[in-house]
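Trainee: Structure below; questions to follow.
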Amino acid sequence: MTNMTRHQISKSDRKWIEVFKKKPIGIHPPELMRLLNRLRGEAIEGKFVLVIDRPYEEWVVAELQGRGKPLKYHNIRVSSREEGEWEIFKLRWHRHTGEVLE
Amino acid sequence: MLKITGYSDQISVVLGDKISFMVNCEHPSYEADIVRVICGDVNPDGPGFNEDVIDSPVSGTYNGRKQEIYAGSFAMVESSALLENLESFTVQVMVWPTTPRKGVQSLVAKWSVPDNSGFALEIDESGGIAFLVGDGKGKVDTVSIGKPMVEYEWYFAAASYNADNKEVTVYQEPMVEYPPIDDASTVTKKVSVAPAANAVPLMMAARCKAPKGDVVIGDAYYNGKLDSPAIVEGVLSRAEMEMILNRKAPTTLENRIIGAWDFSLDITETTITDTSSHRLHGKICHMPTRGVTGYNWTGEELRWKHAREEYGAIRFHEDDVYDAGWDVDFELTIPDSMKSGIYAARVTSGEDEEYIPFVVRPKPGREKKVCFLFPSASYMAYANEHFGTDPWPAELMTHRAIELDKHHVFLNEHREYGHSLYDRHSDGSGIHISSRLRPILNMRPKVQTVLGGEGSQLWQFAADTHITVWLEAMGYDYDVITDEDIHYRGTDVLKPYNVVLTSSHNEYYSKAMYDAVFDYIHQGGRLIYMGGNGFYWRVSYHQTAPGVIEIRRAEGGSRAWAPKSGEYYTGFTCEYSGLWRRQGRTGPNVMAGVGFSSEGFDISSYYRRNPDSFNSRVAFIFEGVGKDELIGDFGLIGGGAAGLELDRVEREFGTPPHALCLASSENHTDTFLVVVEDILFNLPGSGGQENEWVRGDLCFFETPNGGAVFSASSMAWAGSLPHNDFQNNVSRITKNVLDRFVDPKPFPIKKAPAPPMKDSYTWRVKGSTPTAGAAE
Ligand SMILES: [Fe+2]
């Protein structure tokens, strides 16, 4: 499966980074939705997910490798969902634009 | 990875019944107890995990042992002298392969894997038909077509073996010709060995590796359909094979048939019938799909009962699983001290634990006034879902990062545990059949799920314990009965109750279940529909095999897959499956006044009171709730009472004309979209920020004979009950309704002319919130 949407990420999307960081889950303006549809609609191979390590306390970032295949774990631990959203956003932003976000 | 898994033989038991528990445990030993499950939510923001350990003879230490599931469906015919003493013979079958290139897949075989004896008509590594003979002493010979078949196309496949000169002829003929595709051939070759006799079963869609109980452990499982397999004495000409296939053989040829299996004769059963005089009947294992179109389906009839002879195929999958078939580890005879409720066998070893839930229903005559209807059919529908790990756009549905719990990671790699009715088989086809005779790792307390919304992130079983913990906190005495109880025993099971509460998501209903609830509320019963997207899909229970349901997601609806044309009627019962809403005067709106409107899995919202809520008929519901108070702007499931899946009133779909639309939710995110079954043309403005149809409606109406219905119309409603130590307006409204519904006093009915239809079925972007039914 390839990406679900054809929105191409460009410089004009940069303005949404901070908006997303402040509120990763919830009502978003249509332009940010479009950006997130692109990032969240990634193919299953290499898709970033959070694996619950300690329920409601700690999560680990991992990548799906495909149906039935073992996960690839990243050395990124987070202690909230919001933090997890941001870590995944940064990884995806880098994957799509080559730019490293702090 | 999970090291303990288990299941029980029954989901609902009553005083004196014996229930068996089967456990797979990789640890040398484990502790087991029986617990009553009160709250399965471990979220620190919630009411707290709550279970009662029951004093029972189960409590103790047990030896752990590994138990495996051998998934993959097949058909088998016990060995017999006739099948063991074949001389020259021909074996033939119609084949519709879905994964011809996956590797060796056995089609019709009397083949013993450990000693390589017998014969097998199969798909080999080339993706084409091959015939295998083995002498059982180490020599195997193959005759192969060597040309891959096209996926999802019918082929005639056959092989003849001449015992006099060891000549084998193999046939592969497509029914449809694609000029440049080279996929037809006949190959004749002498083999070096004769097929040795063995005592293993004749198998279709797998070969025999080892016996296990009254079935076998298979090998080389096949994905696809088989139709009209036959074995005939002698080397048949192609014309004779065609006569056998068409069941129009002259007597001389007919007398040579060893076995000719017509799968259309017992579609609803677990047997297969040999139409030859030898009566070498067999059975199916791990529930392949029946009532599917055969090679000769014309498209003129869509219901298999009407053209049975065109539905002679069975569809097999390497990952079908019905009964895990594990050995029993411990049992419990239900003692008098166990009151009706939700229980589980709790199995622990060190850090690892497993819960195997079951329900104790009340002994007839001892029912209380309040009943919680445990939605076992819907739990089975979602059993072992793979939303987060399989290729579909789950994260676009949720608009949150996918969170995998332990069981998701386990299930992704343990496909033998089977799938949910939302998943797809390894060949990409939708799962039609789901069983509870296997560990259902998401029907557990504590587990989180991808769709469960921000917050506790619970779905179904664990989420439904928000209802049970609330009932306990409010001091209600209640019974629990399951979908299977109302399916098998009908409305009489509900009759003793003044009020029945559903779960948060009672989506899957058989005809018997639907009728039981419908008749209950029309004979004076009161229903509190505590959920969203309930009474939605029509499913069939198998008529002889316990604990298994089938669905065909026919025609429309919000669905994870679509069945093939001609396959909208279940094999189990030949019922037209799909949405209840399409089935005459039925459907969620008819039952509960509301029907599925929208879904979203990020954050939930609140309800605002409508003018109908000030009607004197419903004054009791809003006692203690302010005029402008937002209802449920808090909660453990998405942070609001209106979320996940929502329902709305719609007269056009059967909402009673006198139903009151008390409150409606609003301000949902744009991940909440109008459901596809309400869309004729796609139009802009279908998201929660813009569309009037994206909402949940609190709804009330009276039913004949003193009955009534209250609908919450949201899966997240229950998640708001525990907020602020159960002191909140969602809890208040639910309690107001429950207290009034428990009271047998009939609802006052004042006859009045029918009101004009207020709502109309038109696309609404913004504008006024429609309400249904009459005012004063
Ligand atoms: Fe559902």
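Letters for chains follow the order of the structure tokens (A, B, ...), residue numbers begin at 1 for each chain, and ligand numbers begin at 1 in the order shown.
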Taking the chain letters and numbering used in this document, name the residues of chain A that DSSP puts in strand (DSSP E), as a short mmCIF file (atom, residue, chain, number, x, y, z; two decimals) with all heavy atoms, in the first residue's frame.

Mentor:
data_model
loop_
_atom_site.label_atom_id
_atom_site.label_comp_id
_atom_site.auth_asym_id
_atom_site.auth_seq_id
_atom_site.Cartn_x
_atom_site.Cartn_y
_atom_site.Cartn_z
N PHE A 48 5.16 4.56 11.66
CA PHE A 48 5.52 4.75 13.06
C PHE A 48 4.31 4.53 13.96
O PHE A 48 3.21 5.00 13.66
CB PHE A 48 6.08 6.16 13.29
CG PHE A 48 7.38 6.40 12.59
CD1 PHE A 48 7.45 7.22 11.47
CD2 PHE A 48 8.54 5.78 13.04
CE1 PHE A 48 8.65 7.43 10.82
CE2 PHE A 48 9.75 5.99 12.38
CZ PHE A 48 9.81 6.81 11.26
N VAL A 49 4.52 3.82 15.04
CA VAL A 49 3.45 3.56 16.01
C VAL A 49 4.01 3.72 17.42
O VAL A 49 5.23 3.81 17.60
CB VAL A 49 2.87 2.13 15.87
CG1 VAL A 49 2.24 1.92 14.50
CG2 VAL A 49 3.94 1.07 16.14
N LEU A 50 3.11 3.77 18.39
CA LEU A 50 3.53 3.74 19.80
C LEU A 50 3.18 2.38 20.37
O LEU A 50 2.07 1.89 20.16
CB LEU A 50 2.79 4.83 20.59
CG LEU A 50 3.03 6.28 20.19
CD1 LEU A 50 2.11 7.20 20.99
CD2 LEU A 50 4.49 6.66 20.40
N VAL A 51 4.12 1.78 21.05
CA VAL A 51 3.84 0.52 21.72
C VAL A 51 3.74 0.80 23.22
O VAL A 51 4.63 1.43 23.81
CB VAL A 51 4.93 -0.53 21.44
CG1 VAL A 51 4.61 -1.84 22.15
CG2 VAL A 51 5.07 -0.76 19.94
N ILE A 52 2.65 0.36 23.81
CA ILE A 52 2.43 0.61 25.24
C ILE A 52 3.40 -0.26 26.03
O ILE A 52 3.41 -1.49 25.88
CB ILE A 52 0.97 0.26 25.63
CG1 ILE A 52 0.00 1.18 24.88
CG2 ILE A 52 0.78 0.36 27.15
CD1 ILE A 52 -1.45 0.73 24.94
N ASP A 53 4.21 0.38 26.84
CA ASP A 53 5.13 -0.40 27.67
C ASP A 53 4.56 -0.52 29.07
O ASP A 53 4.37 -1.62 29.58
CB ASP A 53 6.51 0.25 27.69
CG ASP A 53 7.55 -0.70 28.24
OD1 ASP A 53 7.40 -1.92 28.02
OD2 ASP A 53 8.49 -0.24 28.92
N ARG A 54 4.28 0.63 29.70
CA ARG A 54 3.56 0.60 30.97
C ARG A 54 2.28 1.39 30.74
O ARG A 54 2.33 2.57 30.39
CB ARG A 54 4.42 1.22 32.08
CG ARG A 54 5.49 0.23 32.58
CD ARG A 54 6.32 0.80 33.72
NE ARG A 54 7.16 1.89 33.29
CZ ARG A 54 7.30 3.05 33.95
NH1 ARG A 54 6.65 3.27 35.08
NH2 ARG A 54 8.08 4.01 33.49
N GLU A 58 4.08 4.81 30.00
CA GLU A 58 5.25 4.84 29.14
C GLU A 58 5.00 4.08 27.84
O GLU A 58 4.41 2.99 27.83
CB GLU A 58 6.46 4.23 29.86
CG GLU A 58 7.75 4.53 29.13
CD GLU A 58 8.99 4.15 29.93
OE1 GLU A 58 9.08 2.98 30.36
OE2 GLU A 58 9.85 5.01 30.11
N TRP A 59 5.47 4.71 26.75
CA TRP A 59 5.31 4.16 25.41
C TRP A 59 6.69 4.14 24.72
O TRP A 59 7.56 4.93 25.06
CB TRP A 59 4.39 5.03 24.58
CG TRP A 59 2.96 5.10 25.01
CD1 TRP A 59 1.89 4.44 24.46
CD2 TRP A 59 2.38 5.92 26.06
NE1 TRP A 59 0.72 4.78 25.09
CE2 TRP A 59 0.98 5.69 26.08
CE3 TRP A 59 2.91 6.81 26.98
CZ2 TRP A 59 0.11 6.33 26.98
CZ3 TRP A 59 2.06 7.44 27.89
CH2 TRP A 59 0.67 7.19 27.88
N VAL A 60 6.81 3.24 23.74
CA VAL A 60 8.03 3.17 22.95
C VAL A 60 7.65 3.39 21.48
O VAL A 60 6.64 2.86 21.02
CB VAL A 60 8.70 1.78 23.08
CG1 VAL A 60 10.03 1.74 22.34
CG2 VAL A 60 8.87 1.40 24.53
N VAL A 61 8.46 4.15 20.77
CA VAL A 61 8.20 4.37 19.35
C VAL A 61 8.73 3.15 18.58
O VAL A 61 9.83 2.66 18.85
CB VAL A 61 8.88 5.66 18.85
CG1 VAL A 61 8.71 5.81 17.33
CG2 VAL A 61 8.29 6.88 19.58
N ALA A 62 7.92 2.67 17.64
CA ALA A 62 8.33 1.54 16.81
C ALA A 62 7.84 1.76 15.39
O ALA A 62 7.05 2.66 15.13
CB ALA A 62 7.78 0.24 17.38
N GLU A 63 8.34 0.92 14.50
CA GLU A 63 7.90 0.97 13.11
C GLU A 63 7.28 -0.36 12.72
O GLU A 63 7.85 -1.41 13.01
CB GLU A 63 9.12 1.16 12.19
CG GLU A 63 9.41 2.57 11.80
CD GLU A 63 10.67 2.62 10.94
OE1 GLU A 63 10.60 2.19 9.77
OE2 GLU A 63 11.71 3.07 11.44
N LYS A 72 9.90 -2.99 14.41
CA LYS A 72 11.26 -2.49 14.59
C LYS A 72 11.17 -1.38 15.65
O LYS A 72 10.49 -0.37 15.45
CB LYS A 72 11.76 -1.91 13.26
CG LYS A 72 13.22 -1.57 13.25
CD LYS A 72 13.66 -1.27 11.82
CE LYS A 72 14.27 0.10 11.73
NZ LYS A 72 14.47 0.53 10.34
N TYR A 73 11.81 -1.61 16.78
CA TYR A 73 11.71 -0.64 17.88
C TYR A 73 12.76 0.45 17.75
O TYR A 73 13.89 0.19 17.35
CB TYR A 73 11.87 -1.37 19.22
CG TYR A 73 10.67 -2.22 19.57
CD1 TYR A 73 10.59 -3.55 19.15
CD2 TYR A 73 9.59 -1.69 20.28
CE1 TYR A 73 9.48 -4.34 19.44
CE2 TYR A 73 8.48 -2.46 20.58
CZ TYR A 73 8.43 -3.79 20.16
OH TYR A 73 7.33 -4.54 20.45
N HIS A 74 12.35 1.66 18.09
CA HIS A 74 13.30 2.77 18.13
C HIS A 74 13.65 3.03 19.60
O HIS A 74 12.88 2.69 20.50
CB HIS A 74 12.68 4.03 17.52
CG HIS A 74 12.62 3.98 16.03
ND1 HIS A 74 13.29 4.84 15.23
CD2 HIS A 74 11.97 3.12 15.20
CE1 HIS A 74 13.05 4.55 13.95
NE2 HIS A 74 12.24 3.51 13.91
N ASN A 75 14.79 3.66 19.78
CA ASN A 75 15.22 3.91 21.15
C ASN A 75 14.61 5.22 21.65
O ASN A 75 15.31 6.11 22.11
CB ASN A 75 16.75 3.95 21.18
CG ASN A 75 17.27 3.81 22.59
OD1 ASN A 75 16.52 3.40 23.49
ND2 ASN A 75 18.51 4.18 22.80
N ILE A 76 13.30 5.34 21.48
CA ILE A 76 12.62 6.56 21.90
C ILE A 76 11.49 6.19 22.85
O ILE A 76 10.58 5.48 22.46
CB ILE A 76 12.03 7.34 20.70
CG1 ILE A 76 13.12 7.63 19.67
CG2 ILE A 76 11.34 8.62 21.17
CD1 ILE A 76 12.59 8.21 18.36
N ARG A 77 11.59 6.60 24.09
CA ARG A 77 10.56 6.35 25.08
C ARG A 77 9.87 7.65 25.43
O ARG A 77 10.53 8.68 25.55
CB ARG A 77 11.16 5.75 26.36
CG ARG A 77 11.56 4.32 26.16
CD ARG A 77 12.13 3.65 27.38
NE ARG A 77 12.26 2.25 27.05
CZ ARG A 77 11.32 1.34 27.28
NH1 ARG A 77 10.21 1.68 27.91
NH2 ARG A 77 11.48 0.10 26.91
N VAL A 78 8.57 7.60 25.57
CA VAL A 78 7.83 8.82 25.91
C VAL A 78 6.92 8.52 27.09
O VAL A 78 6.54 7.37 27.34
CB VAL A 78 7.00 9.34 24.72
CG1 VAL A 78 7.91 9.76 23.58
CG2 VAL A 78 5.99 8.31 24.25
#

Trainee: Residues within 10 Å of ligand 1, counting only C-alpha atoms and all ligand atoms: report them as a list in words.

Mentor: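 Using only C-alpha atoms and all ligand atoms, everything at most 10 Å from ligand 1 comes to Ser378, Tyr379, Ala381, Tyr382, Tyr422, Leu451, Trp459, Gln460, Ser504, His505, Asn506, Glu507, Tyr508, Gly532, Asn533, Gly534, Tyr536, Trp537, Ser558, Arg559, Phe596, Glu599, Leu644, Glu645 and Met715 of chain B.
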
Trainee: Using only C-alpha atoms, find each residue of chain B with at least one atom at most 10 Å away from an atom of chain A; report its shortest atom-to-atom pair and that distance in Å (one decimal), sort the rows by chain and rising residue number, and return the result as a tab-separated table.

Mentor:
residue	atom	partner	partner_atom	distance
B:Val42	CA	A:Pro55	CA	7.8
B:Asn43	CA	A:Tyr56	CA	6.3
B:Pro44	CA	A:Tyr56	CA	7.6
B:Asp45	CA	A:Tyr56	CA	9.4
B:His386	CA	A:Arg67	CA	9.3
B:Gly388	CA	A:Val49	CA	8.5
B:Thr389	CA	A:Arg67	CA	6.4
B:Asp390	CA	A:Arg67	CA	5.3
B:Pro391	CA	A:Ile44	CA	5.5
B:Trp392	CA	A:Ile44	CA	7.7
B:Pro393	CA	A:Gly41	CA	6.2
B:Ala394	CA	A:Gly41	CA	8.4
B:Glu395	CA	A:Arg40	CA	5.8
B:Leu396	CA	A:Gly41	CA	5.9
B:Met397	CA	A:Gly41	CA	9.6
B:Thr398	CA	A:Arg40	CA	9.5
B:His399	CA	A:Ile25	CA	7.1
B:Arg400	CA	A:Ile25	CA	6.3
B:Ala401	CA	A:Val49	CA	6.0
B:Ile402	CA	A:Val49	CA	5.1
B:Glu403	CA	A:Leu50	CA	4.7
B:Leu404	CA	A:Val51	CA	4.7
B:Asp405	CA	A:Ile52	CA	5.3
B:Lys406	CA	A:Ile52	CA	7.2
B:His408	CA	A:Val51	CA	9.2
B:Val409	CA	A:Leu71	CA	7.8
B:Phe410	CA	A:Pro70	CA	9.3
B:Leu411	CA	A:Gly68	CA	8.3
B:Asn412	CA	A:Gly68	CA	4.9
B:Glu413	CA	A:Gly68	CA	4.8
B:His414	CA	A:Gly68	CA	7.6
B:Arg415	CA	A:Gly68	CA	7.2
B:Ser426	CA	A:Arg67	CA	8.8
B:Lys446	CA	A:Pro55	CA	8.8
B:Val447	CA	A:Pro55	CA	9.0
B:Gln448	CA	A:Pro55	CA	8.5
B:Glu454	CA	A:Ile25	CA	8.3
B:Gly455	CA	A:Tyr56	CA	8.8
B:Ser456	CA	A:Tyr56	CA	8.1
B:Gln457	CA	A:Tyr56	CA	9.6
B:Asp602	CA	A:Gly26	CA	6.6
B:Ile603	CA	A:Gly26	CA	6.1
B:Ser604	CA	A:Gly26	CA	9.1
B:Gly638	CA	A:Gly26	CA	9.7
B:Asn667	CA	A:Ile27	CA	8.8
B:His668	CA	A:Ile27	CA	7.7
B:Thr669	CA	A:Ile27	CA	5.0
B:Asp670	CA	A:Ile27	CA	7.1
B:Thr671	CA	A:Ile27	CA	8.8
B:Gly688	CA	A:Ile27	CA	9.5
B:Gln689	CA	A:Ile27	CA	8.4

Trainee: Identify all residues of stretch 339-558 of chain B in helix (DSSP H, G or I) (DSSP on the backbone) and supply them as number ranges by chain.

Mentor: B: 376-381, 394-398, 406-413, 415-417, 461-473, 483-493, 511-522

Trainee: What is the atom CA of B:Val91-atom CA of B:Tyr70 distance in Å, reported with one decimal?

Mentor: 27.0 Å
